[in-house]
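Engineer: First the structure, then my questions, so here it is.
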Amino acid sequence: MKIAIFGNIYQSSKSVSAGRFFDVISRHGAELYIDAEFMDFLQAQHVLPEGVHRISGNDFEADIAVSIGGDGTFLKTAERVNGRNIPIVGINAGRLGFLADISEDELDGLAEELFSGNYRTETRSMLEVVEAPLPEDYWPYALNEVAVLKQESSSMITINTRLGEEFLNSYQADGLIISTPTGSTGYSLSVGGPVLMPQTSNFVISPVAPHSLNVRPLVVSDNDEIELTVNSRTGKYLLSLDGRSAVMPCNTAIKLRKAPFTTILLKRHTHNFLDTLRNKLMWGADKRN
């Protein structure tokens with residue numbers, strides 16, 4: 001089995017989870033391919049195993065991709081996998097962890113399931129940005145969300161929004177988030193958007209601090225194309241795809257649509273989305289206990 005490994009390179013404490021994973025996986029035997037930056041990080045932390053291969057760039061093959069970190073690391077791993085139909089499993093060395101949902105005490109069980117093939121997969125829809133003046137080599141896809149945000153000003157921006165052939169609204173706000181079902185528990189949730197089940201065929205349009213309290217998040221079909229045109233006093237705004245940002249000129253139409261490929265998540269049979277909601281968001285928790 002070929003396993004491609006990606007990880008958080010900014011906090012030395014995250015190397016503990018990587019070391020634990022290598023200890024467990026070494027009992028089963030596998031070809032390990034490690035991202036070049038993560039490999040250098042692990043070497044500096046003295047937890048790099050012997051006999052591993054180096055991944056430079058996005059030209060690699062693997063049976064499974066492993067993300068060691070938080071959800072941000074998982075999103076970066078999805079970018080590196082780039083529609084290759086390689087299942088990604090997330091080992092949580094971060095905080096909340098909706099995507100990176102495997103804890104350290106589950107690693108032995110995870111390894112047994114990986115090498116026996118006793119796991120399940122989920123396909124997650126993505127967003128694609130088309131017809132936009134993106135920087136060169138900018139990956140135009142998002143697993144969580146696409147956001148347009150004000151930049152270098154405290155003034156609101158106006159986001160003229162069309163849904164398919166129909167005009168939807170001119171949002172006056174600090175920004176606008178278009179979220180996938182996967183991203184509904186991320187940035188969109190923090191601004192009051194609804195939680196969607198992962199397999200629903202929808203996107204969520206959520207304003208960030210709208211000028212009008214009557215403007216609420218809207219659930220739309222993922223078959224609809226969404227067009228955004230932004231007006232700002234500064235003449236520019238920030239476009240963000242899963243946290244990867246680019247400064248864009250105003251009055252340039254950006255079109256969004258469902259991406260032609262999906263991201264595949266590898267899950268344990270003991271994990272399900274409803275359990276994750278209760279555990280991560282502490283639904284039903286009694287503060288008195």
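Starting from 1 in every chain, residues are counted up; chains themselves are A, B, ... following the order of the structure tokens, and ligands are numbered from 1 as listed.
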Wanna dump the range 167-275 of chain A-range 127-142 of chain A contacts at 9 Å for me, each residue with its shortest atom pair and the distance in Å to one decimal, counting only C-alpha atoms, ordered by chain and number, as CSV?
Structural biologist:
```
residue,atom,partner,partner_atom,distance
A:Ile178,CA,A:Leu127,CA,8.6
A:Ser179,CA,A:Leu127,CA,8.1
A:Thr180,CA,A:Leu127,CA,7.0
A:Phe203,CA,A:Leu127,CA,8.9
A:Asp222,CA,A:Leu127,CA,8.9
A:Leu241,CA,A:Ala142,CA,5.4
A:Asp242,CA,A:Ala142,CA,5.7
A:Arg244,CA,A:Tyr138,CA,8.7
A:Ala246,CA,A:Pro135,CA,7.4
A:Val247,CA,A:Leu134,CA,8.9
A:Met248,CA,A:Pro133,CA,7.6
A:Pro249,CA,A:Pro133,CA,8.7
A:Thr252,CA,A:Ala132,CA,7.4
A:Ala253,CA,A:Ala132,CA,6.8
A:Ile254,CA,A:Ala132,CA,5.1
A:Lys255,CA,A:Val130,CA,5.2
A:Leu256,CA,A:Val129,CA,4.7
A:Arg257,CA,A:Glu128,CA,5.4
A:Lys258,CA,A:Leu127,CA,4.8
A:Ala259,CA,A:Glu128,CA,4.8
A:Pro260,CA,A:Glu128,CA,8.1
```
Engineer: Tell me, which residues of range 128-203 of chain A carry DSSP helix (DSSP H, G or I), written as a list in words?
Structural biologist: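 Output for range 128-203 of chain A, helix (DSSP H, G or I) only: Thr182, Gly183, Ser184, Thr185, Tyr187, Ser188, Leu189 and Ser190 of chain A.
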Engineer: Residues as selected, N, CA, C and O atoms, written as a compact mmCIF listing (two decimals), in the first residue's frame, can you do that?
Structural biologist:
```txt
# COMPACT_ATOMS: atom_id res chain seq x y z
N THR A 182 -20.09 20.37 2.97
CA THR A 182 -18.94 20.15 3.86
C THR A 182 -18.58 21.41 4.61
O THR A 182 -18.27 21.39 5.81
N GLY A 183 -18.61 22.56 3.93
CA GLY A 183 -18.25 23.83 4.55
C GLY A 183 -19.34 24.44 5.40
O GLY A 183 -19.11 25.48 6.04
N SER A 184 -20.51 23.81 5.45
CA SER A 184 -21.60 24.39 6.24
C SER A 184 -21.30 24.38 7.73
O SER A 184 -21.93 25.12 8.50
N THR A 185 -20.34 23.58 8.17
CA THR A 185 -19.94 23.57 9.59
C THR A 185 -18.71 24.44 9.82
O THR A 185 -18.11 24.38 10.89
N TYR A 187 -16.90 28.34 8.14
CA TYR A 187 -17.08 29.78 8.13
C TYR A 187 -18.55 30.15 8.02
O TYR A 187 -19.05 31.06 8.70
N SER A 188 -19.29 29.45 7.18
CA SER A 188 -20.72 29.73 7.00
C SER A 188 -21.48 29.60 8.31
O SER A 188 -22.36 30.42 8.64
N LEU A 189 -21.17 28.57 9.09
CA LEU A 189 -21.84 28.36 10.37
C LEU A 189 -21.57 29.52 11.33
O LEU A 189 -22.46 29.94 12.08
N SER A 190 -20.35 30.08 11.28
CA SER A 190 -19.99 31.15 12.20
C SER A 190 -20.75 32.45 11.94
O SER A 190 -20.80 33.32 12.81
```
Engineer: When you look at Pro194 in chain A with a cut-off of 10 Å (counting only C-alpha atoms), what residues show up, excluding the ones that are within fewer than 6 positions of it in the same chain? I need them as a PyMOL selection string.
Structural biologist: chain A and resi 181+184-185+188+204-206+217-219
Engineer: Take the selection from the previous step and output its residues with all heavy atoms, as a CSV table (one decimal), in the first residue's frame.
Structural biologist:
```
chain,number,residue,atom,x,y,z
A,181,PRO,N,-21.9,21.7,1.3
A,181,PRO,CA,-22.4,21.0,2.5
A,181,PRO,C,-21.3,20.7,3.5
A,181,PRO,O,-21.4,20.9,4.7
A,181,PRO,CB,-23.0,19.7,1.9
A,181,PRO,CG,-23.5,20.1,0.6
A,181,PRO,CD,-22.4,21.0,0.1
A,184,SER,N,-20.5,23.8,5.5
A,184,SER,CA,-21.6,24.4,6.2
A,184,SER,C,-21.3,24.4,7.7
A,184,SER,O,-21.9,25.1,8.5
A,184,SER,CB,-22.9,23.6,6.0
A,184,SER,OG,-22.9,22.3,6.5
A,185,THR,N,-20.3,23.6,8.2
A,185,THR,CA,-19.9,23.6,9.6
A,185,THR,C,-18.7,24.4,9.8
A,185,THR,O,-18.1,24.4,10.9
A,185,THR,CB,-19.7,22.1,10.1
A,185,THR,OG1,-18.7,21.5,9.2
A,185,THR,CG2,-20.9,21.3,10.1
A,188,SER,N,-19.3,29.5,7.2
A,188,SER,CA,-20.7,29.7,7.0
A,188,SER,C,-21.5,29.6,8.3
A,188,SER,O,-22.4,30.4,8.6
A,188,SER,CB,-21.3,28.8,5.9
A,188,SER,OG,-22.7,29.0,5.8
A,204,VAL,N,-24.9,26.9,0.2
A,204,VAL,CA,-25.5,27.9,1.1
A,204,VAL,C,-24.8,29.3,0.8
A,204,VAL,O,-23.6,29.4,0.7
A,204,VAL,CB,-25.2,27.6,2.6
A,204,VAL,CG1,-25.9,28.6,3.5
A,204,VAL,CG2,-25.8,26.2,2.9
A,205,ILE,N,-25.7,30.3,0.6
A,205,ILE,CA,-25.2,31.7,0.4
A,205,ILE,C,-25.5,32.4,1.7
A,205,ILE,O,-26.6,32.6,2.1
A,205,ILE,CB,-26.0,32.4,-0.8
A,205,ILE,CG1,-25.7,31.6,-2.1
A,205,ILE,CG2,-25.5,33.8,-0.9
A,205,ILE,CD1,-26.5,32.1,-3.3
A,206,SER,N,-24.4,32.8,2.4
A,206,SER,CA,-24.5,33.5,3.7
A,206,SER,C,-23.8,34.8,3.7
A,206,SER,O,-22.6,34.9,3.4
A,206,SER,CB,-23.9,32.6,4.8
A,206,SER,OG,-24.5,31.3,4.8
A,217,PRO,N,-29.3,33.8,5.4
A,217,PRO,CA,-28.7,32.8,4.6
A,217,PRO,C,-29.7,32.0,3.7
A,217,PRO,O,-30.9,31.9,4.1
A,217,PRO,CB,-28.0,31.8,5.6
A,217,PRO,CG,-27.8,32.7,6.8
A,217,PRO,CD,-29.0,33.6,6.9
A,218,LEU,N,-29.3,31.6,2.6
A,218,LEU,CA,-30.2,31.0,1.6
A,218,LEU,C,-29.6,29.7,1.1
A,218,LEU,O,-28.4,29.6,0.7
A,218,LEU,CB,-30.4,31.9,0.4
A,218,LEU,CG,-31.3,31.4,-0.7
A,218,LEU,CD1,-32.7,31.2,-0.2
A,218,LEU,CD2,-31.2,32.4,-1.9
A,219,VAL,N,-30.4,28.6,1.1
A,219,VAL,CA,-29.9,27.3,0.6
A,219,VAL,C,-30.4,27.2,-0.8
A,219,VAL,O,-31.6,27.4,-1.1
A,219,VAL,CB,-30.5,26.2,1.4
A,219,VAL,CG1,-30.1,24.8,0.8
A,219,VAL,CG2,-30.1,26.3,2.9
```
Engineer: Show me, as a list in words, the residues that have an atom within 8 Å of Gln151 in chain A when counting only C-alpha atoms, minus same-chain residues fewer than 6 positions from it.
Structural biologist: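 Using only C-alpha atoms, the neighbours found are Thr234, Lys236, Tyr237 and Leu238 of chain A.
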Engineer: So what do you get for CA of Glu227 in chain A versus CA of Leu163 in chain A, distance-wise?
Structural biologist: 6.6 Å
Engineer: Figure out the distance between CA of Tyr119 in chain A and CA of Arg268 in chain A, please, to one decimal in Å.
Structural biologist: 5.3 Å
Engineer: Could you give me the residues within range 107-245 of chain A that DSSP places in strand (DSSP E), as a ChimeraX atom specification?
Structural biologist: /A:120-124,127-130,141-142,145-149,157-163,166-173,175-179,202-208,218-221,226-231,236-241,244-245
Engineer: Nearest to Phe115 in chain A among A:Asp275, A:Asp40, A:Asp63, A:Asp174, with distances taken over only C-alpha atoms: which residue is it?
Structural biologist: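 Looking at the shortest contact to Phe115 in chain A, the residue is A:Asp63.
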Engineer: What is the CA of His269 in chain A-CA of Ala65 in chain A distance in Å, reported with one decimal?
Structural biologist: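 Interatomic distance, CA of His269 in chain A to CA of Ala65 in chain A: 18.0 Å.
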Engineer: Which one of A:Gly69, A:Cys250, A:Asp101, A:Tyr171 sits closest to Phe273 in chain A if you count only C-alpha atoms?
Structural biologist: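 Of the candidates, the smallest distance to Phe273 in chain A is held by A:Asp101.
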Engineer: Which one of A:His46, A:Arg54, A:Arg120, A:Arg27 sits closest to Ile5 in chain A if you count only C-alpha atoms?
Structural biologist: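 For Ile5 in chain A, the nearest of the candidates is A:Arg54.
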Engineer: Sorted by chain and rising residue number, list the residues of range 126-160 of chain A at most 12 Å from range 208-213 of chain A (counting only C-alpha atoms), each with its closest atom pair and distance in Å to one decimal, as JSON lines.
Structural biologist:
```
{"residue": "A:Ala147", "atom": "CA", "partner": "A:Val208", "partner_atom": "CA", "distance": 9.4}
{"residue": "A:Val148", "atom": "CA", "partner": "A:Val208", "partner_atom": "CA", "distance": 9.4}
{"residue": "A:Leu149", "atom": "CA", "partner": "A:Val208", "partner_atom": "CA", "distance": 8.3}
{"residue": "A:Lys150", "atom": "CA", "partner": "A:Val208", "partner_atom": "CA", "distance": 10.0}
{"residue": "A:Ser154", "atom": "CA", "partner": "A:Ala209", "partner_atom": "CA", "distance": 11.9}
{"residue": "A:Ser155", "atom": "CA", "partner": "A:His211", "partner_atom": "CA", "distance": 10.8}
{"residue": "A:Met156", "atom": "CA", "partner": "A:His211", "partner_atom": "CA", "distance": 8.2}
{"residue": "A:Ile157", "atom": "CA", "partner": "A:Pro210", "partner_atom": "CA", "distance": 9.7}
{"residue": "A:Thr158", "atom": "CA", "partner": "A:Pro210", "partner_atom": "CA", "distance": 9.9}
{"residue": "A:Ile159", "atom": "CA", "partner": "A:Pro210", "partner_atom": "CA", "distance": 10.7}
```
